[in-house]
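Source file upload10.cif; content: mmCIF, C-alpha atoms.
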```
data_data
loop_
_atom_site.label_atom_id
_atom_site.label_comp_id
_atom_site.auth_asym_id
_atom_site.auth_seq_id
_atom_site.Cartn_x
_atom_site.Cartn_y
_atom_site.Cartn_z
CA MET A 25 41.32 131.22 68.29
CA LYS A 26 41.59 129.19 71.46
CA ALA A 27 44.21 126.90 69.88
CA ALA A 28 46.31 129.90 68.85
CA LYS A 29 46.28 131.26 72.41
CA THR A 30 47.38 127.85 73.73
CA VAL A 31 50.28 127.71 71.27
CA VAL A 32 51.36 131.25 72.20
CA ARG A 33 51.20 130.46 75.92
CA PHE A 34 53.19 127.28 75.39
CA GLY A 35 55.79 129.19 73.38
CA LEU A 36 56.08 131.88 76.06
CA ARG A 37 56.53 129.22 78.76
CA LEU A 38 59.29 127.58 76.73
CA LEU A 39 60.95 130.94 76.21
CA SER A 40 60.80 131.77 79.93
CA VAL A 41 62.35 128.40 80.85
CA ALA A 42 65.14 128.90 78.28
CA LEU A 43 65.84 132.43 79.56
CA ALA A 44 65.93 131.22 83.17
CA ALA A 45 68.34 128.40 82.24
CA ALA A 46 70.58 130.83 80.34
CA LEU A 47 70.58 133.20 83.31
CA VAL A 48 71.53 130.41 85.75
CA CYS A 49 74.31 129.17 83.43
CA GLY A 50 75.60 132.73 83.03
CA VAL A 51 75.73 133.30 86.79
CA LEU A 52 77.44 129.94 87.42
CA THR A 53 79.98 130.59 84.66
CA ALA A 54 80.75 134.05 86.01
CA ALA A 55 81.21 132.61 89.51
CA GLY A 56 83.62 129.98 88.16
CA ALA A 57 81.42 127.01 89.07
CA ILE A 58 81.09 126.01 85.40
CA SER A 59 84.06 125.87 83.07
CA TRP A 60 83.60 125.61 79.33
CA ASP A 61 87.29 125.07 78.50
CA GLY A 62 87.16 121.27 78.66
CA SER A 63 89.49 120.90 81.64
CA PRO A 64 89.85 117.39 83.07
CA ASP A 65 87.65 116.24 85.89
CA ALA A 66 88.89 115.32 89.37
CA VAL A 67 89.83 111.74 88.52
CA SER A 68 91.45 112.23 85.13
CA SER A 69 93.67 115.05 86.41
CA ALA A 70 95.48 112.52 88.56
CA THR A 71 97.08 111.06 85.44
CA ALA A 72 97.88 114.42 83.89
CA GLN A 73 101.37 114.59 85.40
CA THR A 74 103.68 111.67 86.03
CA VAL A 75 106.09 112.31 88.88
CA SER A 76 108.73 109.87 90.00
CA ALA A 77 111.30 109.86 92.81
CA GLU A 78 113.96 110.94 90.30
CA ASP A 79 111.98 114.14 89.60
CA MET A 80 112.33 115.28 93.20
CA LYS A 81 115.22 117.66 93.74
CA GLY A 82 117.20 117.75 96.97
CA LYS A 83 116.54 115.91 100.19
CA TYR A 84 113.31 116.16 102.10
CA VAL A 85 111.42 114.67 105.03
CA VAL A 86 107.83 113.42 105.08
CA ILE A 87 106.29 113.12 108.54
CA LEU A 88 103.08 111.07 108.69
CA ASN A 89 100.70 110.94 111.66
CA LYS A 90 100.46 107.18 112.19
CA ALA A 91 97.94 107.51 115.00
CA LEU A 92 95.51 109.24 112.65
CA HIS A 93 96.03 106.91 109.68
CA ASP A 94 96.15 103.68 111.71
CA ARG A 95 92.52 104.37 112.69
CA THR A 96 91.52 104.48 109.04
CA GLY A 97 93.87 101.67 108.03
CA THR A 98 95.77 103.72 105.44
CA THR A 99 99.19 104.16 107.07
CA GLU A 100 100.80 101.49 104.92
CA ASP A 101 99.19 102.86 101.75
CA TRP A 102 100.40 106.40 102.41
CA THR A 103 103.86 105.08 103.29
CA LYS A 104 104.01 103.37 99.90
CA PHE A 105 102.74 106.52 98.18
CA PHE A 106 105.29 108.85 99.79
CA SER A 107 108.10 106.31 99.24
CA PHE A 108 107.29 105.89 95.52
CA ALA A 109 106.68 102.15 95.90
CA GLU A 110 105.59 100.26 92.79
CA ASP A 111 102.40 98.76 94.23
CA VAL A 112 100.55 101.78 95.62
CA PRO A 113 96.84 100.98 95.92
CA LEU A 114 94.03 103.43 95.28
CA ILE A 115 93.70 105.48 98.47
CA MET A 116 90.20 106.76 99.15
CA GLU A 117 91.13 109.28 101.83
CA ASP A 118 91.76 113.01 101.71
CA ILE A 119 94.82 114.43 103.47
CA THR A 120 96.05 117.82 104.55
CA CYS A 121 99.74 118.41 103.97
CA LYS A 122 101.42 121.10 106.00
CA VAL A 123 104.59 122.85 104.85
CA ALA A 124 106.70 125.38 106.73
CA GLN A 125 106.36 128.96 105.54
CA PHE A 126 109.29 130.08 103.39
CA ASP A 127 110.37 126.45 102.75
CA ALA A 128 110.34 126.68 98.95
CA ASP A 129 111.87 123.22 98.44
CA GLY A 130 109.33 121.67 100.81
CA MET A 131 106.49 123.40 98.96
CA ASP A 132 107.79 122.18 95.58
CA THR A 133 107.99 118.63 96.91
CA ALA A 134 104.46 118.84 98.34
CA ARG A 135 103.13 120.09 95.01
CA GLN A 136 104.81 117.22 93.17
CA TYR A 137 103.17 114.73 95.51
CA GLN A 138 99.87 116.57 95.08
CA ALA A 139 100.16 116.17 91.30
CA ARG A 140 100.21 112.39 91.73
CA LEU A 141 96.79 112.39 93.41
CA PRO A 142 93.29 113.20 92.15
CA GLU A 143 92.43 116.88 92.30
CA ASN A 144 91.60 118.12 95.82
CA GLN A 145 92.66 114.87 97.55
CA MET A 146 95.67 116.62 99.08
CA ILE A 147 95.28 120.13 100.44
CA ILE A 148 98.53 122.00 101.07
CA GLN A 149 98.68 124.51 103.92
CA GLU A 150 101.59 126.74 104.89
CA GLU A 151 102.28 127.49 108.55
CA PRO A 152 105.13 129.15 110.42
CA GLY A 153 107.76 126.46 110.98
CA VAL A 154 107.94 126.69 114.77
CA MET A 155 104.15 126.50 115.08
CA LEU A 156 104.04 123.63 112.60
CA LEU A 157 106.50 121.52 114.60
CA SER A 158 104.80 122.46 117.86
CA LYS A 159 101.49 121.16 116.50
CA ALA A 160 103.23 118.05 115.16
CA GLU A 161 104.60 117.27 118.62
CA LEU A 162 101.03 117.44 119.93
CA GLY A 163 99.81 115.14 117.12
CA ARG A 164 97.72 117.87 115.47
CA PHE A 165 98.72 117.17 111.85
CA ASP A 166 98.04 114.80 109.01
CA VAL A 167 101.22 114.98 106.88
CA VAL A 168 104.16 117.38 107.08
CA ILE A 169 106.65 117.80 104.23
CA LEU A 170 109.88 119.69 104.87
CA SER A 171 113.10 120.14 102.99
CA GLU A 172 116.04 118.67 104.88
CA ALA A 173 117.32 122.18 105.61
CA ALA A 174 113.98 123.23 107.13
CA ALA A 175 113.73 119.97 109.10
CA ASN A 176 117.14 120.68 110.62
CA THR A 177 116.29 124.33 111.29
CA TYR A 178 113.08 123.49 113.14
CA SER A 179 114.51 120.38 114.90
CA ALA A 180 112.07 117.96 113.31
CA GLN A 181 114.30 115.06 114.39
CA THR A 182 112.59 115.26 117.80
CA LEU A 183 109.64 113.48 116.16
CA ASN A 184 111.72 110.54 114.90
CA ASN A 185 111.50 108.42 118.08
CA ARG A 186 107.78 108.77 118.59
CA SER A 187 105.65 105.66 118.05
CA ASP A 188 102.71 107.64 116.65
CA VAL A 189 104.80 109.32 113.93
CA LEU A 190 106.35 107.85 110.79
CA THR A 191 109.29 109.71 109.26
CA ILE A 192 110.26 109.06 105.65
CA ARG A 193 113.55 110.55 104.49
CA MET A 194 114.22 110.86 100.79
#
```
Now, as a test, write the supplied structure out as structure tokens.
Amino acid sequence: MKAAKTVVRFGLRLLSVALAAALVCGVLTAAGAISWDGSPDAVSSATAQTVSAEDMKGKYVVILNKALHDRTGTTEDWTKFFSFAEDVPLIMEDITCKVAQFDADGMDTARQYQARLPENQMIIQEEPGVMLLSKAELGRFDVVILSEAAANTYSAQTLNNRSDVLTIRM
């Protein structure tokens, strides 16, 4: 009799653990924290889309905050990345890319660059163009990508002669 009670208790404990695990998995799945569709992880998604300089449409400007990236020693690596150089090393640094609001070509270009990096390594933020360039003049940016038309509209050429800013025109 005592052995039967022990087996029943053990079975009930197993059942309660299984129910708790199913409940946690259900909540995490509903919240979007767990995906069962087999999507690639953060590293493998970097190779999901191959983008080259020829894929970019139109002319655009990439403005890089050298002062920020010189401290981490990645200015040269990011320059190679944004210039589509052949020998781009693995860059272990996250960046925030700012794009002017309503600059559709700039946003497309930023997304194509983002597709070349591991997931979540480049965060894209839209800001009003005047505010974006005002912050850039104060050095409060990481990377700015603008279409040539937007760069001309917001007078981004004022940043070209600054020693703490690197401008890449494509």
Inset, instruction - Give as a PyMOL selection string the set of residues within 8 Å of the point (104.0, 112.7, 111.6), where distances use the file's coordinates and all atoms listed in the file. - result: chain A and resi 86-90+160+163+165-168+183+188-191
So that all listed atoms of range 35-51 of chain A fit with 5 Å spare on each side, what axis-aligned box centre and edge lengths in Å, to one decimal, would you give as AutoDock Vina command-line options?
```
--center_x 65.8 --center_y 130.4 --center_z 80.1 --size_x 29.9 --size_y 15.7 --size_z 23.4
```
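Proximity to Thr120 in chain A was assessed for A:Ile169, A:Ala91, A:Leu157, A:Val32 counting only C-alpha atoms; the smallest distance is recorded for A:Ile169.
Close to (110.0, 128.0, 101.4), meaning no more than 12 Å away when counting only C-alpha atoms, sit the residues Lys122, Val123, Ala124, Gln125, Phe126, Asp127, Ala128, Asp129, Gly130, Met131, Asp132, Thr133, Ala134, Glu150, Glu151, Pro152, Gly153, Ile169, Leu170, Ser171, Glu172, Ala173, Ala174 and Ala175 of chain A.
Here CA of Leu114 in chain A and CA of Asp101 in chain A stand 8.3 Å from one another.
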Inset, instruction - Provide the CA of Ser179 in chain A to CA of Gln149 in chain A distance in Å, to one decimal place. - result: 19.7 Å
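Coordinates place CA of Ser59 in chain A at a distance of 14.6 Å from CA of Ala46 in chain A.
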Inset, instruction - Please write as a PyMOL selection string the full residue list that the PyMOL selection byres ((chain A and resi 107) around 10) yields on this file. - result: chain A and resi 76-77+86+101-106+108-110+112+192-194
Output for the residues just chosen: C-alpha atoms as an mmCIF file, keeping the file's coordinate frame:
```
data_model
loop_
_atom_site.group_PDB
_atom_site.id
_atom_site.type_symbol
_atom_site.label_atom_id
_atom_site.label_comp_id
_atom_site.auth_asym_id
_atom_site.auth_seq_id
_atom_site.Cartn_x
_atom_site.Cartn_y
_atom_site.Cartn_z
ATOM 1 C CA SER A 76 108.730 109.870 90.000
ATOM 2 C CA ALA A 77 111.300 109.860 92.810
ATOM 3 C CA VAL A 86 107.830 113.420 105.080
ATOM 4 C CA ASP A 101 99.190 102.860 101.750
ATOM 5 C CA TRP A 102 100.400 106.400 102.410
ATOM 6 C CA THR A 103 103.860 105.080 103.290
ATOM 7 C CA LYS A 104 104.010 103.370 99.900
ATOM 8 C CA PHE A 105 102.740 106.520 98.180
ATOM 9 C CA PHE A 106 105.290 108.850 99.790
ATOM 10 C CA PHE A 108 107.290 105.890 95.520
ATOM 11 C CA ALA A 109 106.680 102.150 95.900
ATOM 12 C CA GLU A 110 105.590 100.260 92.790
ATOM 13 C CA VAL A 112 100.550 101.780 95.620
ATOM 14 C CA ILE A 192 110.260 109.060 105.650
ATOM 15 C CA ARG A 193 113.550 110.550 104.490
ATOM 16 C CA MET A 194 114.220 110.860 100.790
#
```
Inset, instruction - Using only C-alpha atoms, pick whichever of A:Asn144, A:Val154, A:Ile119, A:Lys83 has the shortest atom-to-atom distance to Thr99 in chain A. - result: A:Ile119
Legend entry - Selected residue, from A:Gln136, A:Pro142, A:Asp94, A:Leu38, that lies nearest to Ile115 in chain A when counting all atoms listed in the file: A:Pro142
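Minimum atom-to-atom distance to Asp118 in chain A, evaluated using all atoms listed in the file, belongs to A:Met146 out of A:Val41, A:Ala55, A:Met146, A:Leu141.
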